[in-house]
$ cat structure-v6.cif   # mmCIF, N, CA and C atoms
data_start
loop_
_atom_site.label_atom_id
_atom_site.label_comp_id
_atom_site.auth_asym_id
_atom_site.auth_seq_id
_atom_site.Cartn_x
_atom_site.Cartn_y
_atom_site.Cartn_z
N ILE A 53 0.84 -1.19 0.00
CA ILE A 53 0.00 0.00 0.00
C ILE A 53 0.88 1.25 0.00
N PHE A 54 1.94 1.21 0.83
CA PHE A 54 2.85 2.37 0.87
C PHE A 54 3.51 2.60 -0.48
N THR A 55 3.94 1.53 -1.13
CA THR A 55 4.61 1.68 -2.43
C THR A 55 3.64 2.25 -3.46
N GLY A 56 2.41 1.77 -3.47
CA GLY A 56 1.40 2.30 -4.39
C GLY A 56 1.11 3.76 -4.10
N LEU A 57 1.01 4.09 -2.83
CA LEU A 57 0.74 5.47 -2.44
C LEU A 57 1.92 6.37 -2.79
N GLN A 58 3.12 5.85 -2.62
CA GLN A 58 4.32 6.60 -2.99
C GLN A 58 4.28 6.95 -4.48
N TYR A 59 3.88 6.00 -5.31
CA TYR A 59 3.78 6.24 -6.75
C TYR A 59 2.71 7.29 -7.05
N ILE A 60 1.56 7.14 -6.43
CA ILE A 60 0.46 8.11 -6.64
C ILE A 60 0.93 9.51 -6.26
N HIS A 61 1.60 9.62 -5.13
CA HIS A 61 2.10 10.92 -4.67
C HIS A 61 3.17 11.46 -5.60
N SER A 62 3.96 10.60 -6.23
CA SER A 62 4.99 11.07 -7.17
C SER A 62 4.36 11.77 -8.38
N LEU A 63 3.09 11.49 -8.61
CA LEU A 63 2.34 12.14 -9.70
C LEU A 63 1.60 13.38 -9.20
N ASN A 64 1.88 13.78 -7.94
CA ASN A 64 1.22 14.92 -7.28
C ASN A 64 -0.27 14.70 -7.10
N VAL A 65 -0.65 13.45 -6.90
CA VAL A 65 -2.05 13.11 -6.68
C VAL A 65 -2.23 12.64 -5.24
N SER A 66 -3.24 13.18 -4.59
CA SER A 66 -3.67 12.71 -3.28
C SER A 66 -4.94 11.89 -3.50
N HIS A 67 -4.97 10.69 -2.96
CA HIS A 67 -6.14 9.81 -3.16
C HIS A 67 -7.37 10.37 -2.46
N ARG A 68 -7.23 10.76 -1.20
CA ARG A 68 -8.25 11.42 -0.39
C ARG A 68 -9.43 10.54 -0.01
N ASP A 69 -9.36 9.24 -0.31
CA ASP A 69 -10.41 8.33 0.16
C ASP A 69 -9.84 6.92 0.35
N LEU A 70 -8.62 6.85 0.88
CA LEU A 70 -8.05 5.54 1.16
C LEU A 70 -8.82 4.88 2.29
N LYS A 71 -9.24 3.65 2.06
CA LYS A 71 -9.96 2.87 3.06
C LYS A 71 -9.88 1.41 2.64
N LEU A 72 -10.24 0.54 3.56
CA LEU A 72 -10.15 -0.89 3.28
C LEU A 72 -10.87 -1.27 1.99
N GLU A 73 -12.02 -0.68 1.75
CA GLU A 73 -12.81 -1.01 0.57
C GLU A 73 -12.12 -0.60 -0.73
N ASN A 74 -11.13 0.29 -0.64
CA ASN A 74 -10.42 0.75 -1.84
C ASN A 74 -9.05 0.10 -2.00
N ILE A 75 -8.82 -0.96 -1.24
CA ILE A 75 -7.59 -1.75 -1.38
C ILE A 75 -8.01 -3.13 -1.87
N LEU A 76 -7.55 -3.48 -3.06
CA LEU A 76 -7.92 -4.75 -3.68
C LEU A 76 -6.68 -5.62 -3.88
N PHE A 77 -6.92 -6.89 -4.09
CA PHE A 77 -5.85 -7.83 -4.43
C PHE A 77 -6.19 -8.47 -5.76
N ASP A 78 -5.18 -8.62 -6.64
CA ASP A 78 -5.41 -9.36 -7.88
C ASP A 78 -5.24 -10.86 -7.58
N ASP A 79 -5.34 -11.70 -8.61
CA ASP A 79 -5.29 -13.14 -8.39
C ASP A 79 -3.90 -13.64 -7.97
N GLU A 80 -2.91 -12.77 -8.01
CA GLU A 80 -1.57 -13.12 -7.51
C GLU A 80 -1.27 -12.40 -6.19
N TYR A 81 -2.30 -11.85 -5.57
CA TYR A 81 -2.21 -11.15 -4.28
C TYR A 81 -1.38 -9.87 -4.33
N ASN A 82 -1.32 -9.25 -5.51
CA ASN A 82 -0.72 -7.93 -5.61
C ASN A 82 -1.76 -6.92 -5.17
N ILE A 83 -1.32 -5.93 -4.42
CA ILE A 83 -2.24 -4.91 -3.91
C ILE A 83 -2.52 -3.89 -5.00
N LYS A 84 -3.77 -3.53 -5.12
CA LYS A 84 -4.23 -2.51 -6.06
C LYS A 84 -5.02 -1.46 -5.29
N ILE A 85 -4.69 -0.21 -5.50
CA ILE A 85 -5.46 0.90 -4.91
C ILE A 85 -6.47 1.33 -5.96
N CYS A 86 -7.73 1.42 -5.56
CA CYS A 86 -8.77 1.76 -6.53
C CYS A 86 -9.61 2.94 -6.06
N ASP A 87 -10.55 3.32 -6.90
CA ASP A 87 -11.54 4.37 -6.65
C ASP A 87 -10.88 5.73 -6.43
N PHE A 88 -10.52 6.33 -7.53
CA PHE A 88 -9.88 7.65 -7.51
C PHE A 88 -10.89 8.77 -7.73
N GLY A 89 -12.17 8.50 -7.45
CA GLY A 89 -13.22 9.48 -7.67
C GLY A 89 -13.09 10.76 -6.86
N LEU A 90 -12.44 10.68 -5.70
CA LEU A 90 -12.26 11.87 -4.85
C LEU A 90 -10.82 12.37 -4.86
N SER A 91 -9.99 11.78 -5.69
CA SER A 91 -8.57 12.18 -5.72
C SER A 91 -8.43 13.58 -6.30
N LYS A 92 -7.26 14.14 -6.05
CA LYS A 92 -7.03 15.50 -6.52
C LYS A 92 -5.56 15.68 -6.87
N ILE A 93 -5.32 16.35 -7.99
CA ILE A 93 -3.96 16.74 -8.34
C ILE A 93 -3.62 17.98 -7.52
N LEU A 94 -2.50 17.90 -6.82
CA LEU A 94 -2.12 18.98 -5.91
C LEU A 94 -1.00 19.82 -6.48
N ASP A 95 -0.84 21.03 -5.92
CA ASP A 95 0.27 21.88 -6.32
C ASP A 95 1.55 21.41 -5.63
N GLU A 96 2.63 22.14 -5.80
CA GLU A 96 3.93 21.72 -5.25
C GLU A 96 3.93 21.70 -3.71
N ASN A 97 2.99 22.38 -3.08
CA ASN A 97 2.89 22.36 -1.61
C ASN A 97 2.00 21.24 -1.10
N HIS A 98 1.35 20.52 -2.03
CA HIS A 98 0.46 19.39 -1.72
C HIS A 98 -0.78 19.81 -0.94
N LEU A 99 -1.16 21.08 -1.06
CA LEU A 99 -2.27 21.60 -0.24
C LEU A 99 -3.62 21.50 -0.94
N THR A 100 -4.62 21.25 -0.14
CA THR A 100 -6.01 21.28 -0.57
C THR A 100 -6.84 21.79 0.60
N ASN A 101 -8.05 22.20 0.34
CA ASN A 101 -8.89 22.68 1.44
C ASN A 101 -10.28 22.08 1.44
N THR A 102 -10.49 21.12 0.57
CA THR A 102 -11.81 20.51 0.50
C THR A 102 -11.80 19.19 1.25
N PRO A 103 -12.61 19.06 2.30
CA PRO A 103 -12.67 17.79 3.01
C PRO A 103 -13.33 16.74 2.12
N ARG A 104 -12.74 15.58 2.07
CA ARG A 104 -13.25 14.50 1.25
C ARG A 104 -13.05 13.18 1.97
N GLY A 105 -13.65 12.15 1.43
CA GLY A 105 -13.40 10.82 1.93
C GLY A 105 -14.37 10.41 3.02
N THR A 106 -14.14 9.21 3.50
CA THR A 106 -14.95 8.60 4.54
C THR A 106 -14.50 9.13 5.89
N PRO A 107 -15.42 9.69 6.69
CA PRO A 107 -15.01 10.35 7.94
C PRO A 107 -14.09 9.53 8.84
N CYS A 108 -14.36 8.25 9.04
CA CYS A 108 -13.54 7.48 9.99
C CYS A 108 -12.13 7.22 9.48
N TYR A 109 -11.85 7.49 8.23
CA TYR A 109 -10.49 7.38 7.68
C TYR A 109 -9.84 8.76 7.50
N SER A 110 -10.59 9.81 7.74
CA SER A 110 -10.10 11.17 7.52
C SER A 110 -9.20 11.63 8.66
N SER A 111 -8.21 12.42 8.32
CA SER A 111 -7.26 12.93 9.31
C SER A 111 -7.86 14.12 10.06
N PRO A 112 -7.30 14.44 11.22
CA PRO A 112 -7.81 15.58 11.99
C PRO A 112 -7.83 16.88 11.19
N GLU A 113 -6.79 17.09 10.39
CA GLU A 113 -6.71 18.35 9.65
C GLU A 113 -7.82 18.49 8.61
N CYS A 114 -8.40 17.38 8.16
CA CYS A 114 -9.51 17.46 7.20
C CYS A 114 -10.73 18.14 7.80
N PHE A 115 -10.85 18.07 9.12
CA PHE A 115 -12.02 18.65 9.80
C PHE A 115 -11.80 20.11 10.21
N SER A 116 -10.60 20.64 9.97
CA SER A 116 -10.25 21.97 10.48
C SER A 116 -10.88 23.11 9.68
N GLY A 117 -11.21 22.86 8.43
CA GLY A 117 -11.70 23.93 7.58
C GLY A 117 -10.59 24.73 6.94
N ASN A 118 -9.33 24.41 7.29
CA ASN A 118 -8.15 25.08 6.72
C ASN A 118 -7.53 24.21 5.63
N CYS A 119 -6.60 24.80 4.90
CA CYS A 119 -5.85 24.02 3.93
C CYS A 119 -5.04 22.95 4.67
N TYR A 120 -4.88 21.82 4.03
CA TYR A 120 -4.10 20.73 4.61
C TYR A 120 -3.32 20.01 3.52
N ASP A 121 -2.30 19.28 3.93
CA ASP A 121 -1.44 18.53 3.03
C ASP A 121 -2.14 17.22 2.67
N GLY A 122 -2.52 17.08 1.42
CA GLY A 122 -3.22 15.88 0.96
C GLY A 122 -2.40 14.61 1.09
N PHE A 123 -1.09 14.72 0.97
CA PHE A 123 -0.23 13.54 1.11
C PHE A 123 -0.23 13.06 2.56
N LYS A 124 -0.14 14.00 3.49
CA LYS A 124 -0.10 13.62 4.91
C LYS A 124 -1.43 13.04 5.38
N THR A 125 -2.51 13.49 4.79
CA THR A 125 -3.80 12.92 5.16
C THR A 125 -3.95 11.50 4.61
N ASP A 126 -3.36 11.22 3.45
CA ASP A 126 -3.35 9.85 2.93
C ASP A 126 -2.56 8.93 3.86
N ILE A 127 -1.48 9.43 4.42
CA ILE A 127 -0.67 8.64 5.36
C ILE A 127 -1.49 8.31 6.60
N TRP A 128 -2.24 9.28 7.13
CA TRP A 128 -3.13 9.03 8.27
C TRP A 128 -4.08 7.89 7.93
N SER A 129 -4.68 7.94 6.75
CA SER A 129 -5.62 6.89 6.34
C SER A 129 -4.96 5.52 6.34
N CYS A 130 -3.68 5.47 5.98
CA CYS A 130 -2.93 4.20 6.04
C CYS A 130 -2.86 3.69 7.49
N GLY A 131 -2.76 4.59 8.43
CA GLY A 131 -2.75 4.20 9.84
C GLY A 131 -4.07 3.57 10.25
N VAL A 132 -5.17 4.15 9.79
CA VAL A 132 -6.48 3.58 10.10
C VAL A 132 -6.62 2.20 9.45
N ILE A 133 -6.15 2.08 8.21
CA ILE A 133 -6.20 0.80 7.50
C ILE A 133 -5.37 -0.25 8.23
N LEU A 134 -4.14 0.10 8.62
CA LEU A 134 -3.29 -0.85 9.33
C LEU A 134 -3.93 -1.28 10.64
N TYR A 135 -4.46 -0.33 11.39
CA TYR A 135 -5.13 -0.63 12.64
C TYR A 135 -6.25 -1.65 12.40
N ALA A 136 -7.08 -1.38 11.41
CA ALA A 136 -8.21 -2.27 11.11
C ALA A 136 -7.73 -3.65 10.66
N MET A 137 -6.64 -3.69 9.91
CA MET A 137 -6.13 -4.98 9.43
C MET A 137 -5.59 -5.85 10.56
N VAL A 138 -4.96 -5.25 11.55
CA VAL A 138 -4.34 -6.06 12.61
C VAL A 138 -5.26 -6.29 13.81
N THR A 139 -6.33 -5.51 13.93
CA THR A 139 -7.23 -5.68 15.07
C THR A 139 -8.60 -6.24 14.68
N GLY A 140 -9.00 -5.99 13.44
CA GLY A 140 -10.32 -6.43 13.01
C GLY A 140 -11.42 -5.42 13.24
N PHE A 141 -11.06 -4.25 13.74
CA PHE A 141 -12.05 -3.20 13.94
C PHE A 141 -11.39 -1.83 13.79
N MET A 142 -12.22 -0.80 13.77
CA MET A 142 -11.73 0.56 13.58
C MET A 142 -11.19 1.12 14.90
N PRO A 143 -10.27 2.09 14.82
CA PRO A 143 -9.74 2.68 16.05
C PRO A 143 -10.74 3.57 16.78
N TRP A 144 -11.77 4.02 16.09
CA TRP A 144 -12.71 4.97 16.66
C TRP A 144 -13.94 4.24 17.16
N THR A 145 -14.40 4.59 18.35
CA THR A 145 -15.53 3.90 18.96
C THR A 145 -16.84 4.69 18.87
N GLU A 146 -16.76 5.96 18.57
CA GLU A 146 -17.96 6.81 18.54
C GLU A 146 -18.74 6.61 17.24
N ARG A 147 -20.06 6.63 17.34
CA ARG A 147 -20.94 6.50 16.17
C ARG A 147 -21.55 7.84 15.78
N ASN A 148 -21.72 8.72 16.75
CA ASN A 148 -22.24 10.05 16.48
C ASN A 148 -21.15 10.83 15.73
N VAL A 149 -21.50 11.46 14.62
CA VAL A 149 -20.52 12.13 13.76
C VAL A 149 -19.73 13.19 14.51
N ASN A 150 -20.38 14.00 15.33
CA ASN A 150 -19.67 15.05 16.06
C ASN A 150 -18.69 14.45 17.07
N LYS A 151 -19.12 13.40 17.78
CA LYS A 151 -18.24 12.75 18.74
C LYS A 151 -17.11 12.01 18.04
N LEU A 152 -17.42 11.41 16.88
CA LEU A 152 -16.40 10.73 16.07
C LEU A 152 -15.34 11.73 15.63
N THR A 153 -15.77 12.87 15.14
CA THR A 153 -14.85 13.92 14.71
C THR A 153 -13.96 14.36 15.86
N GLU A 154 -14.55 14.54 17.03
CA GLU A 154 -13.78 14.95 18.21
C GLU A 154 -12.76 13.88 18.59
N GLN A 155 -13.16 12.62 18.54
CA GLN A 155 -12.25 11.52 18.87
C GLN A 155 -11.08 11.48 17.89
N ILE A 156 -11.35 11.65 16.60
CA ILE A 156 -10.29 11.66 15.59
C ILE A 156 -9.37 12.85 15.80
N CYS A 157 -9.94 14.03 16.00
CA CYS A 157 -9.12 15.24 16.16
C CYS A 157 -8.22 15.18 17.39
N LYS A 158 -8.64 14.46 18.40
CA LYS A 158 -7.81 14.30 19.60
C LYS A 158 -6.90 13.08 19.50
N GLY A 159 -7.11 12.27 18.46
CA GLY A 159 -6.30 11.06 18.31
C GLY A 159 -6.53 10.07 19.44
N LYS A 160 -7.78 9.95 19.87
CA LYS A 160 -8.09 9.07 21.01
C LYS A 160 -8.48 7.69 20.49
N TYR A 161 -7.57 6.73 20.72
CA TYR A 161 -7.83 5.34 20.37
C TYR A 161 -6.94 4.48 21.26
N GLU A 162 -7.27 3.23 21.35
CA GLU A 162 -6.46 2.30 22.13
C GLU A 162 -6.05 1.14 21.24
N ILE A 163 -4.79 0.74 21.38
CA ILE A 163 -4.29 -0.40 20.61
C ILE A 163 -4.37 -1.64 21.53
N PRO A 164 -5.05 -2.69 21.08
CA PRO A 164 -5.17 -3.89 21.91
C PRO A 164 -3.80 -4.50 22.25
N GLU A 165 -3.74 -5.16 23.38
CA GLU A 165 -2.49 -5.74 23.86
C GLU A 165 -1.92 -6.80 22.94
N HIS A 166 -2.76 -7.47 22.14
CA HIS A 166 -2.25 -8.53 21.28
C HIS A 166 -1.47 -8.01 20.07
N VAL A 167 -1.54 -6.71 19.81
CA VAL A 167 -0.79 -6.12 18.70
C VAL A 167 0.66 -5.95 19.16
N SER A 168 1.60 -6.39 18.32
CA SER A 168 3.01 -6.30 18.70
C SER A 168 3.41 -4.86 18.96
N LYS A 169 4.43 -4.68 19.81
CA LYS A 169 4.87 -3.32 20.14
C LYS A 169 5.40 -2.62 18.89
N GLU A 170 6.02 -3.36 17.95
CA GLU A 170 6.52 -2.74 16.72
C GLU A 170 5.38 -2.24 15.84
N CYS A 171 4.34 -3.06 15.71
CA CYS A 171 3.18 -2.65 14.93
C CYS A 171 2.46 -1.49 15.60
N ALA A 172 2.30 -1.56 16.92
CA ALA A 172 1.66 -0.47 17.67
C ALA A 172 2.42 0.83 17.48
N ASP A 173 3.75 0.75 17.45
CA ASP A 173 4.57 1.94 17.26
C ASP A 173 4.32 2.54 15.87
N LEU A 174 4.26 1.69 14.84
CA LEU A 174 4.00 2.20 13.50
C LEU A 174 2.62 2.83 13.42
N ILE A 175 1.63 2.17 13.99
CA ILE A 175 0.27 2.74 13.98
C ILE A 175 0.27 4.11 14.64
N SER A 176 0.93 4.23 15.78
CA SER A 176 0.94 5.52 16.48
C SER A 176 1.66 6.60 15.68
N LYS A 177 2.66 6.22 14.91
CA LYS A 177 3.37 7.19 14.07
C LYS A 177 2.55 7.60 12.85
N LEU A 178 1.74 6.68 12.34
CA LEU A 178 0.85 7.00 11.23
C LEU A 178 -0.34 7.84 11.70
N LEU A 179 -0.81 7.56 12.91
CA LEU A 179 -1.97 8.27 13.47
C LEU A 179 -1.54 9.39 14.42
N THR A 180 -0.49 10.09 14.06
CA THR A 180 -0.05 11.26 14.81
C THR A 180 -0.92 12.44 14.42
N VAL A 181 -1.55 13.06 15.40
CA VAL A 181 -2.50 14.14 15.14
C VAL A 181 -1.84 15.32 14.43
N GLU A 182 -0.66 15.72 14.86
CA GLU A 182 0.06 16.85 14.24
C GLU A 182 0.66 16.38 12.91
N PRO A 183 0.14 16.87 11.77
CA PRO A 183 0.60 16.36 10.47
C PRO A 183 2.09 16.53 10.22
N ASN A 184 2.70 17.59 10.74
CA ASN A 184 4.13 17.79 10.51
C ASN A 184 5.00 16.85 11.33
N LYS A 185 4.41 16.17 12.30
CA LYS A 185 5.14 15.18 13.10
C LYS A 185 4.82 13.75 12.66
N ARG A 186 3.86 13.60 11.74
CA ARG A 186 3.45 12.29 11.24
C ARG A 186 4.57 11.67 10.42
N ILE A 187 4.72 10.37 10.51
CA ILE A 187 5.77 9.66 9.77
C ILE A 187 5.55 9.82 8.26
N THR A 188 6.62 9.81 7.51
CA THR A 188 6.54 9.86 6.05
C THR A 188 6.39 8.43 5.51
N ILE A 189 5.99 8.32 4.27
CA ILE A 189 5.90 6.99 3.64
C ILE A 189 7.28 6.34 3.62
N GLU A 190 8.30 7.11 3.27
CA GLU A 190 9.65 6.57 3.19
C GLU A 190 10.09 5.99 4.53
N ASP A 191 9.86 6.74 5.60
CA ASP A 191 10.24 6.25 6.93
C ASP A 191 9.36 5.09 7.37
N ALA A 192 8.09 5.12 7.01
CA ALA A 192 7.19 4.01 7.36
C ALA A 192 7.66 2.71 6.70
N LYS A 193 8.10 2.80 5.46
CA LYS A 193 8.59 1.61 4.76
C LYS A 193 9.85 1.03 5.38
N LYS A 194 10.60 1.86 6.11
CA LYS A 194 11.83 1.41 6.78
C LYS A 194 11.58 1.03 8.24
N HIS A 195 10.35 1.15 8.70
CA HIS A 195 10.02 0.90 10.10
C HIS A 195 10.38 -0.54 10.48
N ILE A 196 10.75 -0.74 11.70
CA ILE A 196 11.17 -2.05 12.21
C ILE A 196 10.10 -3.12 12.03
N TRP A 197 8.83 -2.74 12.05
CA TRP A 197 7.77 -3.73 11.88
C TRP A 197 7.88 -4.42 10.53
N PHE A 198 8.34 -3.69 9.52
CA PHE A 198 8.52 -4.29 8.18
C PHE A 198 9.86 -5.00 8.05
N THR A 199 10.83 -4.54 8.78
CA THR A 199 12.18 -5.06 8.58
C THR A 199 12.59 -6.14 9.55
N SER A 200 11.77 -6.41 10.59
CA SER A 200 12.16 -7.44 11.56
C SER A 200 11.62 -8.81 11.18
#
$ encode --input "structure-v6.cif" --output "structure tokens"
Amino acid sequence: IFTGLQYIHSLNVSHRDLKLENILFDDEYNIKICDFGLSKILDENHLTNTPRGTPCYSSPECFSGNCYDGFKTDIWSCGVILYAMVTGFMPWTERNVNKLTEQICKGKYEIPEHVSKECADLISKLLTVEPNKRITIEDAKKHIWFTS
């Protein structure tokens, strides 16, 4: 997923709706990212100001009403995807949209004890509320969880 996202970003495109439903496998189990209906070509600063995508995969900055880095919000979505893949459920527990938004903006979630400390560390770096402190795709690909 990171490699596919890295390629998409190299074209100055932010997917803006990364979620489990938009990650497919071909018959050889190669990952395919699909549904670019909400994607956007970004300028050299990677900024956009239109909130898009599925709320529970959206980054805190998407709810701010300000311009945000579309690439960094895609990375946040990867954190939600990874969390869901290793736990079987979403990191957010609220069903009310306002409470869900508040939970996301505060980065309030718990990682179950059965998740390895290396995976938990990567999830926490992907789901860092402050976008400028969020891990990059390049660093995520080098994370110990992938290399151990």
$ residues_around --input "structure-v6.cif" --residues "A:Phe54" --least-positions-apart "5" --cutoff "7 Å" --atoms "all atoms listed in the file" --output "MDAnalysis selection string"
chainID A and resid 59 189 193
$ select_by_dssp --input "structure-v6.cif" --residues "chain A" --states "alpha helix (DSSP H)" --output "CSV table (one decimal) with N, CA and C atoms, in the coordinates of the input"
chain,number,residue,atom,x,y,z
A,54,PHE,N,1.9,1.2,0.8
A,54,PHE,CA,2.8,2.4,0.9
A,54,PHE,C,3.5,2.6,-0.5
A,55,THR,N,3.9,1.5,-1.1
A,55,THR,CA,4.6,1.7,-2.4
A,55,THR,C,3.6,2.2,-3.5
A,56,GLY,N,2.4,1.8,-3.5
A,56,GLY,CA,1.4,2.3,-4.4
A,56,GLY,C,1.1,3.8,-4.1
A,57,LEU,N,1.0,4.1,-2.8
A,57,LEU,CA,0.7,5.5,-2.4
A,57,LEU,C,1.9,6.4,-2.8
A,58,GLN,N,3.1,5.8,-2.6
A,58,GLN,CA,4.3,6.6,-3.0
A,58,GLN,C,4.3,7.0,-4.5
A,59,TYR,N,3.9,6.0,-5.3
A,59,TYR,CA,3.8,6.2,-6.8
A,59,TYR,C,2.7,7.3,-7.0
A,60,ILE,N,1.6,7.1,-6.4
A,60,ILE,CA,0.5,8.1,-6.6
A,60,ILE,C,0.9,9.5,-6.3
A,61,HIS,N,1.6,9.6,-5.1
A,61,HIS,CA,2.1,10.9,-4.7
A,61,HIS,C,3.2,11.5,-5.6
A,62,SER,N,4.0,10.6,-6.2
A,62,SER,CA,5.0,11.1,-7.2
A,62,SER,C,4.4,11.8,-8.4
A,122,GLY,N,-2.5,17.1,1.4
A,122,GLY,CA,-3.2,15.9,1.0
A,122,GLY,C,-2.4,14.6,1.1
A,123,PHE,N,-1.1,14.7,1.0
A,123,PHE,CA,-0.2,13.5,1.1
A,123,PHE,C,-0.2,13.1,2.6
A,124,LYS,N,-0.1,14.0,3.5
A,124,LYS,CA,-0.1,13.6,4.9
A,124,LYS,C,-1.4,13.0,5.4
A,125,THR,N,-2.5,13.5,4.8
A,125,THR,CA,-3.8,12.9,5.2
A,125,THR,C,-4.0,11.5,4.6
A,126,ASP,N,-3.4,11.2,3.4
A,126,ASP,CA,-3.4,9.8,2.9
A,126,ASP,C,-2.6,8.9,3.9
A,127,ILE,N,-1.5,9.4,4.4
A,127,ILE,CA,-0.7,8.6,5.4
A,127,ILE,C,-1.5,8.3,6.6
A,128,TRP,N,-2.2,9.3,7.1
A,128,TRP,CA,-3.1,9.0,8.3
A,128,TRP,C,-4.1,7.9,7.9
A,129,SER,N,-4.7,7.9,6.8
A,129,SER,CA,-5.6,6.9,6.3
A,129,SER,C,-5.0,5.5,6.3
A,130,CYS,N,-3.7,5.5,6.0
A,130,CYS,CA,-2.9,4.2,6.0
A,130,CYS,C,-2.9,3.7,7.5
A,131,GLY,N,-2.8,4.6,8.4
A,131,GLY,CA,-2.8,4.2,9.8
A,131,GLY,C,-4.1,3.6,10.2
A,132,VAL,N,-5.2,4.2,9.8
A,132,VAL,CA,-6.5,3.6,10.1
A,132,VAL,C,-6.6,2.2,9.4
A,133,ILE,N,-6.2,2.1,8.2
A,133,ILE,CA,-6.2,0.8,7.5
A,133,ILE,C,-5.4,-0.2,8.2
A,134,LEU,N,-4.1,0.1,8.6
A,134,LEU,CA,-3.3,-0.8,9.3
A,134,LEU,C,-3.9,-1.3,10.6
A,135,TYR,N,-4.5,-0.3,11.4
A,135,TYR,CA,-5.1,-0.6,12.6
A,135,TYR,C,-6.2,-1.6,12.4
A,136,ALA,N,-7.1,-1.4,11.4
A,136,ALA,CA,-8.2,-2.3,11.1
A,136,ALA,C,-7.7,-3.6,10.7
A,137,MET,N,-6.6,-3.7,9.9
A,137,MET,CA,-6.1,-5.0,9.4
A,137,MET,C,-5.6,-5.8,10.6
A,138,VAL,N,-5.0,-5.2,11.6
A,138,VAL,CA,-4.3,-6.1,12.6
A,138,VAL,C,-5.3,-6.3,13.8
A,139,THR,N,-6.3,-5.5,13.9
A,139,THR,CA,-7.2,-5.7,15.1
A,139,THR,C,-8.6,-6.2,14.7
A,149,VAL,N,-21.5,11.5,14.6
A,149,VAL,CA,-20.5,12.1,13.8
A,149,VAL,C,-19.7,13.2,14.5
A,150,ASN,N,-20.4,14.0,15.3
A,150,ASN,CA,-19.7,15.0,16.1
A,150,ASN,C,-18.7,14.4,17.1
A,151,LYS,N,-19.1,13.4,17.8
A,151,LYS,CA,-18.2,12.8,18.7
A,151,LYS,C,-17.1,12.0,18.0
A,152,LEU,N,-17.4,11.4,16.9
A,152,LEU,CA,-16.4,10.7,16.1
A,152,LEU,C,-15.3,11.7,15.6
A,153,THR,N,-15.8,12.9,15.1
A,153,THR,CA,-14.8,13.9,14.7
A,153,THR,C,-14.0,14.4,15.9
A,154,GLU,N,-14.6,14.5,17.0
A,154,GLU,CA,-13.8,15.0,18.2
A,154,GLU,C,-12.8,13.9,18.6
A,155,GLN,N,-13.2,12.6,18.5
A,155,GLN,CA,-12.2,11.5,18.9
A,155,GLN,C,-11.1,11.5,17.9
A,156,ILE,N,-11.4,11.6,16.6
A,156,ILE,CA,-10.3,11.7,15.6
A,156,ILE,C,-9.4,12.8,15.8
A,157,CYS,N,-9.9,14.0,16.0
A,157,CYS,CA,-9.1,15.2,16.2
A,157,CYS,C,-8.2,15.2,17.4
A,158,LYS,N,-8.6,14.5,18.4
A,158,LYS,CA,-7.8,14.3,19.6
A,158,LYS,C,-6.9,13.1,19.5
A,169,LYS,N,4.4,-4.7,19.8
A,169,LYS,CA,4.9,-3.3,20.1
A,169,LYS,C,5.4,-2.6,18.9
A,170,GLU,N,6.0,-3.4,18.0
A,170,GLU,CA,6.5,-2.7,16.7
A,170,GLU,C,5.4,-2.2,15.8
A,171,CYS,N,4.3,-3.1,15.7
A,171,CYS,CA,3.2,-2.6,14.9
A,171,CYS,C,2.5,-1.5,15.6
A,172,ALA,N,2.3,-1.6,16.9
A,172,ALA,CA,1.7,-0.5,17.7
A,172,ALA,C,2.4,0.8,17.5
A,173,ASP,N,3.8,0.8,17.4
A,173,ASP,CA,4.6,1.9,17.3
A,173,ASP,C,4.3,2.5,15.9
A,174,LEU,N,4.3,1.7,14.8
A,174,LEU,CA,4.0,2.2,13.5
A,174,LEU,C,2.6,2.8,13.4
A,175,ILE,N,1.6,2.2,14.0
A,175,ILE,CA,0.3,2.7,14.0
A,175,ILE,C,0.3,4.1,14.6
A,176,SER,N,0.9,4.2,15.8
A,176,SER,CA,0.9,5.5,16.5
A,176,SER,C,1.7,6.6,15.7
A,177,LYS,N,2.7,6.2,14.9
A,177,LYS,CA,3.4,7.2,14.1
A,177,LYS,C,2.6,7.6,12.8
A,178,LEU,N,1.7,6.7,12.3
A,178,LEU,CA,0.8,7.0,11.2
A,178,LEU,C,-0.3,7.8,11.7
A,189,ILE,N,6.0,8.3,4.3
A,189,ILE,CA,5.9,7.0,3.6
A,189,ILE,C,7.3,6.3,3.6
A,190,GLU,N,8.3,7.1,3.3
A,190,GLU,CA,9.6,6.6,3.2
A,190,GLU,C,10.1,6.0,4.5
A,191,ASP,N,9.9,6.7,5.6
A,191,ASP,CA,10.2,6.2,6.9
A,191,ASP,C,9.4,5.1,7.4
A,192,ALA,N,8.1,5.1,7.0
A,192,ALA,CA,7.2,4.0,7.4
A,192,ALA,C,7.7,2.7,6.7
A,193,LYS,N,8.1,2.8,5.5
A,193,LYS,CA,8.6,1.6,4.8
A,193,LYS,C,9.8,1.0,5.4
A,196,ILE,N,10.8,-0.7,11.7
A,196,ILE,CA,11.2,-2.0,12.2
A,196,ILE,C,10.1,-3.1,12.0
A,197,TRP,N,8.8,-2.7,12.0
A,197,TRP,CA,7.8,-3.7,11.9
A,197,TRP,C,7.9,-4.4,10.5
A,198,PHE,N,8.3,-3.7,9.5
A,198,PHE,CA,8.5,-4.3,8.2
A,198,PHE,C,9.9,-5.0,8.0
A,199,THR,N,10.8,-4.5,8.8
A,199,THR,CA,12.2,-5.1,8.6
A,199,THR,C,12.6,-6.1,9.6
$ closest_residue --input "structure-v6.cif" --among "A:Glu170, A:Glu190, A:Glu182, A:Asp121" --to "A:His67" --atoms "only C-alpha atoms"
A:Asp121
$ closest_residue --input "structure-v6.cif" --among "A:Ile53, A:Leu99, A:Cys130, A:Ala136" --to "A:Asn118" --atoms "only C-alpha atoms"
A:Leu99
$ atom_distance --input "structure-v6.cif" --atom1 "atom C of A:Leu90" --atom2 "atom N of A:Ser66"
7.6 Å
$ atom_distance --input "structure-v6.cif" --atom1 "atom N of A:Phe123" --atom2 "atom C of A:Asp191"
15.6 Å
$ atom_distance --input "structure-v6.cif" --atom1 "atom CA of A:Ile85" --atom2 "atom CA of A:Pro164"
27.2 Å
